[in-house]
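Q: This is the content of protein.cif (mmCIF, C-alpha atoms and all ligand atoms):
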data_entry
#
loop_
_atom_site.label_atom_id
_atom_site.label_comp_id
_atom_site.auth_asym_id
_atom_site.auth_seq_id
_atom_site.Cartn_x
_atom_site.Cartn_y
_atom_site.Cartn_z
CA MET A 11 25.19 -10.00 20.85
CA SER A 12 27.50 -12.40 19.01
CA ASP A 13 29.25 -11.53 15.74
CA VAL A 14 27.00 -13.95 13.87
CA GLU A 15 23.84 -12.38 15.27
CA CYS A 16 25.22 -8.98 14.45
CA SER A 17 25.94 -9.84 10.82
CA ASN A 18 22.53 -11.51 10.53
CA LEU A 19 20.94 -8.26 11.64
CA PHE A 20 22.88 -6.43 8.93
CA LEU A 21 21.59 -8.90 6.33
CA LEU A 22 18.00 -8.73 7.53
CA PRO A 23 16.86 -5.84 5.30
CA PHE A 24 18.02 -7.72 2.21
CA LYS A 25 16.25 -10.88 3.26
CA VAL A 26 12.95 -9.32 4.29
CA THR A 27 12.14 -6.89 1.48
CA LEU A 28 12.87 -6.27 -2.20
CA ASP A 29 12.08 -2.60 -1.75
CA THR A 30 15.31 -0.67 -2.29
CA LYS A 31 14.27 2.40 -0.30
CA LEU A 32 13.28 0.24 2.66
CA ARG A 33 16.53 -1.73 2.49
CA TRP A 34 18.59 1.44 2.41
CA PHE A 35 16.57 2.88 5.28
CA GLN A 36 16.99 -0.16 7.52
CA TYR A 37 20.65 -0.44 6.53
CA ARG A 38 21.21 3.05 7.95
CA VAL A 39 19.29 2.18 11.12
CA VAL A 40 21.34 -0.95 11.91
CA HIS A 41 24.61 0.77 11.09
CA ASN A 42 23.68 3.70 13.33
CA ILE A 43 23.97 6.21 10.52
CA LEU A 44 20.34 7.28 10.25
CA PRO A 45 20.24 11.06 10.62
CA THR A 46 18.24 11.78 13.76
CA ASN A 47 18.68 15.07 15.60
CA ALA A 48 20.87 13.32 18.20
CA TRP A 49 23.10 12.01 15.41
CA LEU A 50 23.15 15.37 13.58
CA LYS A 51 24.14 17.21 16.74
CA LYS A 52 26.92 14.73 17.43
CA ILE A 53 28.52 15.43 14.05
CA GLY A 54 28.00 19.17 14.44
CA ILE A 55 25.30 19.75 11.83
CA THR A 56 22.59 20.96 14.17
CA ASN A 57 22.57 22.65 17.57
CA SER A 58 19.50 20.96 18.98
CA ASP A 59 19.07 17.25 19.52
CA PHE A 60 15.42 17.55 20.57
CA CYS A 61 12.78 15.42 18.87
CA THR A 62 11.19 16.95 15.76
CA PHE A 63 7.74 15.87 16.93
CA CYS A 64 7.49 16.41 20.68
CA GLN A 65 10.48 18.76 21.31
CA ARG A 66 10.79 17.12 24.72
CA ASP A 67 13.39 14.38 24.51
CA LYS A 68 16.58 13.67 22.64
CA GLU A 69 15.74 12.40 19.15
CA THR A 70 17.47 9.03 19.10
CA VAL A 71 16.38 5.99 17.07
CA LYS A 72 14.83 4.55 20.22
CA HIS A 73 12.93 7.72 21.03
CA LEU A 74 11.74 8.32 17.48
CA PHE A 75 10.44 4.82 16.80
CA VAL A 76 9.46 3.53 20.23
CA GLU A 77 9.03 6.21 22.86
CA CYS A 78 7.75 9.38 21.21
CA ASN A 79 4.13 10.27 22.01
CA LYS A 80 3.60 11.02 18.34
CA VAL A 81 4.18 7.37 17.38
CA ILE A 82 3.05 5.42 20.47
CA ASP A 83 -0.67 5.62 19.68
CA ILE A 84 -0.31 4.49 16.10
CA TRP A 85 2.03 1.65 17.13
CA GLN A 86 -0.60 0.54 19.60
CA GLN A 87 -3.31 0.52 16.94
CA ILE A 88 -1.05 -1.45 14.62
CA ARG A 89 -0.39 -4.02 17.33
CA ASN A 90 -4.09 -4.26 18.06
CA LYS A 91 -4.71 -5.04 14.41
CA TRP A 92 -1.83 -7.51 13.93
CA THR A 93 -1.26 -9.50 17.09
CA ILE A 94 1.93 -11.05 15.67
CA LEU A 95 3.66 -7.73 16.45
CA ARG A 96 2.85 -7.79 20.14
CA GLY A 97 5.89 -9.75 21.30
CA LEU A 98 8.41 -7.25 19.94
CA ASN A 99 10.76 -5.57 22.38
CA THR A 100 12.46 -2.20 21.97
CA PHE A 101 15.54 -3.77 20.39
CA ASN A 102 13.42 -5.69 17.86
CA ILE A 103 11.56 -2.56 16.85
CA CYS A 104 14.74 -0.52 16.47
CA TYR A 105 17.05 -3.08 14.88
CA GLY A 106 14.98 -6.08 13.84
CA MET A 107 14.10 -9.56 14.99
CA LEU A 108 16.32 -12.49 14.10
CA ASP A 109 14.84 -15.73 12.82
CA SER A 110 14.32 -17.92 15.85
CA GLY A 111 11.86 -20.29 14.28
CA ASN A 112 8.97 -17.81 14.39
CA ASP A 113 6.87 -18.52 11.25
CA ASN A 114 6.02 -14.85 10.92
CA PHE A 115 9.49 -13.45 11.29
CA MET A 116 9.62 -12.13 7.69
CA VAL A 117 6.36 -10.24 7.91
CA ILE A 118 7.00 -8.97 11.45
CA ASN A 119 10.27 -7.42 10.31
CA HIS A 120 8.82 -6.12 7.06
CA ILE A 121 5.95 -4.29 8.79
CA THR A 122 8.31 -2.93 11.47
CA PHE A 123 10.72 -1.61 8.81
CA MET A 124 7.80 -0.04 6.96
CA PHE A 125 6.48 1.62 10.08
CA LYS A 126 9.85 3.15 10.94
CA TRP A 127 10.32 4.29 7.35
CA TYR A 128 6.84 5.82 7.49
CA VAL A 129 7.64 7.67 10.74
CA TYR A 130 10.95 8.86 9.34
CA LYS A 131 9.33 10.07 6.14
CA TYR A 132 6.92 12.07 8.25
CA ARG A 133 9.82 13.48 10.27
CA VAL A 134 11.49 14.69 7.08
CA ASN A 135 8.50 15.82 4.99
CA GLN A 136 5.77 16.46 7.57
CA THR A 137 3.39 14.62 5.28
CA ASN A 138 0.21 12.76 6.19
CA PHE A 139 0.66 10.60 9.29
CA SER A 140 -2.14 8.33 10.44
CA PHE A 141 -2.94 4.75 11.28
CA ASN A 142 -5.20 4.42 8.22
CA ALA A 143 -2.59 5.81 5.86
CA PHE A 144 -0.07 3.34 7.21
CA ILE A 145 -2.49 0.43 6.74
CA ARG A 146 -3.00 1.53 3.14
CA LEU A 147 0.76 1.51 2.68
CA VAL A 148 0.98 -2.07 3.96
CA ASP A 149 -1.98 -3.14 1.80
CA SER A 150 -0.39 -1.71 -1.33
CA THR A 151 2.87 -3.47 -0.47
CA ILE A 152 1.07 -6.80 -0.10
CA GLU A 153 -0.63 -6.20 -3.44
CA LEU A 154 2.64 -5.34 -5.16
CA GLU A 155 4.35 -8.42 -3.75
CA TYR A 156 1.35 -10.49 -4.85
CA PHE A 157 1.80 -9.43 -8.47
CA CYS A 158 5.56 -10.05 -8.33
CA ALA A 159 4.96 -13.49 -6.80
CA GLN A 160 2.35 -14.32 -9.40
CA ARG A 161 4.78 -13.49 -12.20
CA LYS A 162 7.39 -15.75 -10.61
CA SER A 163 4.86 -18.52 -9.87
CA ALA A 164 5.71 -18.14 -6.20
CA LEU A 165 2.31 -17.42 -4.72
CA ASP A 166 2.75 -20.13 -2.09
CA ILE A 167 5.74 -18.23 -0.67
CA HIS A 168 3.76 -15.00 -0.82
CA PHE A 169 0.82 -16.41 1.13
CA LYS A 170 3.12 -18.07 3.63
CA LYS A 171 4.78 -14.72 4.30
CA TRP A 172 1.64 -12.57 4.56
CA ASN A 173 -0.78 -15.15 5.94
CA ALA A 174 -1.07 -13.53 9.38
CA CYS A 175 -2.10 -10.21 7.81
CA LEU A 176 -4.60 -11.39 5.25
CA HIS A 177 -7.63 -11.90 7.44
ZN ZN A 201 9.37 12.84 20.44
#
Would you write out, as structure tokens, the structure that this file holds?
Ligand SMILES: [Zn+2]

A:
Amino acid sequence: MSDVECSNLFLLPFKVTLDTKLRWFQYRVVHNILPTNAWLKKIGITNSDFCTFCQRDKETVKHLFVECNKVIDIWQQIRNKWTILRGLNTFNICYGMLDSGNDNFMVINHITFMFKWYVYKYRVNQTNFSFNAFIRLVDSTIELEYFCAQRKSALDIHFKKWNACLH
């Protein structure tokens, strides 16, 4: 990857979402400082680098968000619902997708960031984790952005961004 592509990936969270917690989350992912068990073991904080969910593989970013059995099924359901997400490769899911003229690049990244954040939240808090709960999270985000866009008279931008998810 070139330096330009690399710095564009670093800027992606700030371009795609206004949500501070999501920006901070994705910032840690792209800078390889998100505490996974593999990362925590490397810096000597934990003895085991096994995955919190399956206890079978090393808990890396790639395992946690792409490979783990705990997340694969839900990812599949999400991709069945929103076909725009089907072309993503492992790198795109882990680190993001750069703008290559894809009209849906904003929303593809936003949903991917949200899904990883949702998985990570579950890893930390062991809270509710289901396809339906994730869809509700996306719906409430769309609603929130709608109200922000309305206030700024920018509904056209809002609908352009979320168009692929609104029907
Ligand atoms: Zn696992």

Q: How big is the axis-aligned box around the listed atoms of range 114-117 of chain A once 6 Å is added on each side, and where is its centre? Give both in Å to one decimal, as JSON.

A:
{"center_x": 7.8, "center_y": -12.5, "center_z": 9.5, "size_x": 15.6, "size_y": 16.6, "size_z": 15.6}

Q: If we count all atoms listed in the file and set the cut-off at 12 Å, which residues sit around range 31-35 of chain A, ignoring sequence neighbours fewer than 4 positions away in its own chain? Please answer as a ChimeraX atom specification.

A: /A:20-27,39-45,104-105,119-131,151

Q: At a cut-off of 8 Å, using all atoms listed in the file, what residues contact range 80-82 of chain A? Leave out same-chain residues fewer than 5 positions from it and give the result as JSON, numbers by chain.

A: {"A": [63, 64, 74, 75, 129]}

Q: Here's a test: counting only C-alpha atoms, identify every protein, DNA and RNA residue with an atom at most 12 Å from (12.9, 7.2, 22.1) in the file's coordinate frame, and state them as a ChimeraX atom specification.

A: /A:46-48,60-82,100-101,103-104

Q: With C-alpha atoms retained, export the selected residues as a CSV table (one decimal), in the frame of the given file.

A:
chain,number,residue,atom,x,y,z
A,46,THR,CA,18.2,11.8,13.8
A,47,ASN,CA,18.7,15.1,15.6
A,48,ALA,CA,20.9,13.3,18.2
A,60,PHE,CA,15.4,17.6,20.6
A,61,CYS,CA,12.8,15.4,18.9
A,62,THR,CA,11.2,17.0,15.8
A,63,PHE,CA,7.7,15.9,16.9
A,64,CYS,CA,7.5,16.4,20.7
A,65,GLN,CA,10.5,18.8,21.3
A,66,ARG,CA,10.8,17.1,24.7
A,67,ASP,CA,13.4,14.4,24.5
A,68,LYS,CA,16.6,13.7,22.6
A,69,GLU,CA,15.7,12.4,19.2
A,70,THR,CA,17.5,9.0,19.1
A,71,VAL,CA,16.4,6.0,17.1
A,72,LYS,CA,14.8,4.6,20.2
A,73,HIS,CA,12.9,7.7,21.0
A,74,LEU,CA,11.7,8.3,17.5
A,75,PHE,CA,10.4,4.8,16.8
A,76,VAL,CA,9.5,3.5,20.2
A,77,GLU,CA,9.0,6.2,22.9
A,78,CYS,CA,7.8,9.4,21.2
A,79,ASN,CA,4.1,10.3,22.0
A,80,LYS,CA,3.6,11.0,18.3
A,81,VAL,CA,4.2,7.4,17.4
A,82,ILE,CA,3.0,5.4,20.5
A,100,THR,CA,12.5,-2.2,22.0
A,101,PHE,CA,15.5,-3.8,20.4
A,103,ILE,CA,11.6,-2.6,16.8
A,104,CYS,CA,14.7,-0.5,16.5

Q: So how far away is CA of Asn114 in chain A from CA of Thr93 in chain A, in Å?

A: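 A separation of 10.9 Å between them.
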
Q: Pick from A:Gln160, A:Ser58, A:Leu154, A:Leu19: nearest to Arg38 in chain A, with only C-alpha atoms counted?

A: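 Smallest separation from Arg38 in chain A among the options: A:Leu19.
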
Q: My list of candidates is A:Ser140, A:Asn90, A:Ser17, A:Asn173. Which is closest to Tyr156 in chain A when distances are computed with only C-alpha atoms?

A: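 Checking each of A:Ser140, A:Asn90, A:Ser17, A:Asn173 against Tyr156 in chain A, counting only C-alpha atoms, the winner is A:Asn173.
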
Q: Go ahead and compute the interatomic distance for CA of Lys171 in chain A and CA of Met11 in chain A, in Å to one decimal.

A: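 Between CA of Lys171 in chain A and CA of Met11 in chain A the gap works out to 26.7 Å.
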
Q: Record the distance separating CA of Asn18 in chain A and CA of Ile53 in chain A, expressed in Å with one decimal.

A: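 It comes out at 27.8 Å.
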
Q: Calculated over all atoms listed in the file, which of the candidates A:Asp13, A:Leu165, A:Lys52, A:Asp59 has the smallest distance to ligand ZN 201 (chain A)?

A: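 Of A:Asp13, A:Leu165, A:Lys52, A:Asp59, the one nearest ligand ZN 201 (chain A), counting all atoms listed in the file, is A:Asp59.
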
Q: Using all atoms listed in the file, pick whichever of A:Trp172, A:Arg133, A:Asn57, A:Ile167 has the shortest atom-to-atom distance to ligand ZN 201 (chain A).

A: A:Arg133

Q: Could you extract range 43-71 of chain A of the given structure into a file holding C-alpha atoms, as a CSV table (one decimal), in the first residue's frame?

A:
chain,number,residue,atom,x,y,z
A,43,ILE,CA,-3.6,-0.4,18.9
A,44,LEU,CA,-7.0,-2.0,19.6
A,45,PRO,CA,-6.6,-4.2,22.6
A,46,THR,CA,-7.3,-7.7,21.4
A,47,ASN,CA,-5.9,-10.7,23.4
A,48,ALA,CA,-3.1,-11.1,20.9
A,49,TRP,CA,-2.2,-7.5,21.4
A,50,LEU,CA,-2.5,-7.7,25.2
A,51,LYS,CA,-0.3,-10.8,25.3
A,52,LYS,CA,2.3,-9.1,23.2
A,53,ILE,CA,2.7,-6.2,25.7
A,54,GLY,CA,2.6,-8.6,28.6
A,55,ILE,CA,-0.8,-7.7,30.1
A,56,THR,CA,-2.4,-11.1,29.7
A,57,ASN,CA,-1.0,-14.7,29.4
A,58,SER,CA,-3.5,-16.0,26.9
A,59,ASP,CA,-4.0,-14.8,23.4
A,60,PHE,CA,-7.0,-17.0,22.7
A,61,CYS,CA,-10.2,-15.5,21.4
A,62,THR,CA,-12.7,-14.4,24.1
A,63,PHE,CA,-15.6,-16.0,22.2
A,64,CYS,CA,-14.4,-19.3,20.8
A,65,GLN,CA,-11.2,-19.9,22.8
A,66,ARG,CA,-9.8,-21.7,19.8
A,67,ASP,CA,-7.7,-19.3,17.8
A,68,LYS,CA,-5.5,-16.3,18.5
A,69,GLU,CA,-7.6,-13.2,19.0
A,70,THR,CA,-6.3,-10.9,16.4
A,71,VAL,CA,-8.3,-8.1,14.6
